[in-house]
file input20.cif (mmCIF, C-alpha atoms)
data_final
#
loop_
_atom_site.group_PDB
_atom_site.id
_atom_site.type_symbol
_atom_site.label_atom_id
_atom_site.label_comp_id
_atom_site.auth_asym_id
_atom_site.auth_seq_id
_atom_site.Cartn_x
_atom_site.Cartn_y
_atom_site.Cartn_z
ATOM 1 C CA MET V 15 297.012 21.905 65.995
ATOM 2 C CA THR V 16 299.695 19.515 64.955
ATOM 3 C CA LYS V 17 301.692 19.737 61.755
ATOM 4 C CA ALA V 18 299.921 16.693 60.339
ATOM 5 C CA ALA V 19 296.496 18.214 61.009
ATOM 6 C CA LEU V 20 297.523 21.517 59.359
ATOM 7 C CA LEU V 21 298.902 19.648 56.343
ATOM 8 C CA LEU V 22 295.698 17.623 56.033
ATOM 9 C CA ALA V 23 293.531 20.748 56.331
ATOM 10 C CA GLY V 24 295.617 22.568 53.708
ATOM 11 C CA THR V 25 295.459 19.628 51.325
ATOM 12 C CA ALA V 26 291.692 19.335 51.761
ATOM 13 C CA ALA V 27 291.267 23.066 51.099
ATOM 14 C CA ALA V 28 293.393 22.845 47.951
ATOM 15 C CA VAL V 29 291.347 19.904 46.661
ATOM 16 C CA ILE V 30 288.078 21.741 47.312
ATOM 17 C CA VAL V 31 289.315 24.912 45.576
ATOM 18 C CA SER V 32 290.586 22.924 42.577
ATOM 19 C CA ALA V 33 287.307 21.005 42.253
ATOM 20 C CA SER V 34 285.302 24.236 42.465
ATOM 21 C CA ALA V 35 287.457 25.885 39.799
ATOM 22 C CA GLY V 36 287.080 22.886 37.514
ATOM 23 C CA ALA V 37 283.309 22.828 37.951
ATOM 24 C CA SER V 38 283.101 26.575 37.290
ATOM 25 C CA LEU V 39 285.151 26.222 34.099
ATOM 26 C CA HIS V 40 282.976 23.360 32.877
ATOM 27 C CA ILE V 41 279.746 25.316 33.477
ATOM 28 C CA ALA V 42 281.139 28.486 31.875
ATOM 29 C CA ARG V 43 282.175 26.610 28.730
ATOM 30 C CA ALA V 44 278.756 24.948 28.504
ATOM 31 C CA LEU V 45 276.987 28.313 28.745
ATOM 32 C CA ILE V 46 279.245 30.320 26.429
ATOM 33 C CA THR V 47 280.237 27.859 23.695
ATOM 34 C CA PRO V 48 277.668 27.358 20.910
ATOM 35 C CA ALA V 49 276.118 23.897 20.830
ATOM 36 C CA GLY V 50 277.642 23.077 17.456
ATOM 37 C CA GLU V 51 276.916 23.720 13.832
ATOM 38 C CA ARG V 52 273.496 25.127 13.083
ATOM 39 C CA PRO V 53 272.058 25.437 9.599
ATOM 40 C CA GLU V 54 272.249 29.081 8.567
ATOM 41 C CA ARG V 55 268.843 30.435 7.572
ATOM 42 C CA ILE V 56 269.804 34.085 7.128
ATOM 43 C CA ARG V 57 270.869 35.271 3.687
ATOM 44 C CA ILE V 58 273.601 37.901 3.591
ATOM 45 C CA LEU V 59 272.939 40.242 0.677
ATOM 46 C CA ALA V 60 275.951 42.545 1.042
ATOM 47 C CA ALA V 61 278.791 43.326 3.444
ATOM 48 C CA ASP V 62 281.460 45.998 3.789
ATOM 49 C CA ASP V 63 283.749 47.253 6.569
ATOM 50 C CA ALA V 64 280.929 48.805 8.621
ATOM 51 C CA THR V 65 277.623 47.127 7.703
ATOM 52 C CA VAL V 66 276.041 43.834 6.784
ATOM 53 C CA THR V 67 272.810 43.817 4.761
ATOM 54 C CA LEU V 68 270.512 40.874 5.476
ATOM 55 C CA HIS V 69 267.388 39.593 3.754
ATOM 56 C CA ALA V 70 264.253 40.812 5.586
ATOM 57 C CA ASP V 71 262.470 38.021 7.460
ATOM 58 C CA GLU V 72 261.121 37.289 10.934
ATOM 59 C CA ASP V 73 264.599 36.788 12.427
ATOM 60 C CA THR V 74 266.293 39.818 10.886
ATOM 61 C CA LEU V 75 263.422 42.230 11.647
ATOM 62 C CA SER V 76 263.414 41.359 15.382
ATOM 63 C CA PRO V 77 264.623 44.257 17.553
ATOM 64 C CA GLY V 78 267.929 43.835 19.357
ATOM 65 C CA VAL V 79 271.664 43.547 18.863
ATOM 66 C CA PHE V 80 272.921 40.289 17.394
ATOM 67 C CA SER V 81 276.188 38.794 16.202
ATOM 68 C CA LEU V 82 277.143 36.799 13.145
ATOM 69 C CA TYR V 83 279.699 34.022 13.342
#

call {"tool": "encode", "arguments": {"input": "input20.cif", "output": "structure tokens"}}
result
Amino acid sequence: MTKAALLLAGTAAAVIVSASAGASLHIARALITPAGERPERIRILAADDATVTLHADEDTLSPGVFSLY
């Protein structure tokens, strides 16, 4: 292979890797970042260093581990 062919192949590989990384970053941000402001329907009754007490409703009585932000 000539030097020009190796340079072209290396450049093409770098472009492909960069495009793949950019696409991966875009998809990851779309999946992880919340879609924007949502109206908060859950009432917080009390909070301290270890616990948060929420009003009992359909959302708060669902089993699972959730986060507040």

call {"tool": "residues_around", "arguments": {"input": "input20.cif", "residues": "range 50-60 of chain V", "least_positions_apart": "5", "cutoff": "12 Å", "atoms": "only C-alpha atoms", "output": "list in words"}}
result
Ala44, Thr65, Val66, Thr67, Leu68, His69, Ala70, Asp71, Glu72, Asp73, Thr74, Leu75, Leu82 and Tyr83 of chain V

call {"tool": "atom_distance", "arguments": {"input": "input20.cif", "atom1": "CA of Asp63 in chain V", "atom2": "CA of Val79 in chain V"}}
result
17.6 Å

call {"tool": "atom_distance", "arguments": {"input": "input20.cif", "atom1": "CA of Ala64 in chain V", "atom2": "CA of Ser81 in chain V"}}
result
13.4 Å

call {"tool": "atom_distance", "arguments": {"input": "input20.cif", "atom1": "CA of Ile46 in chain V", "atom2": "CA of Asp62 in chain V"}}
result
27.6 Å
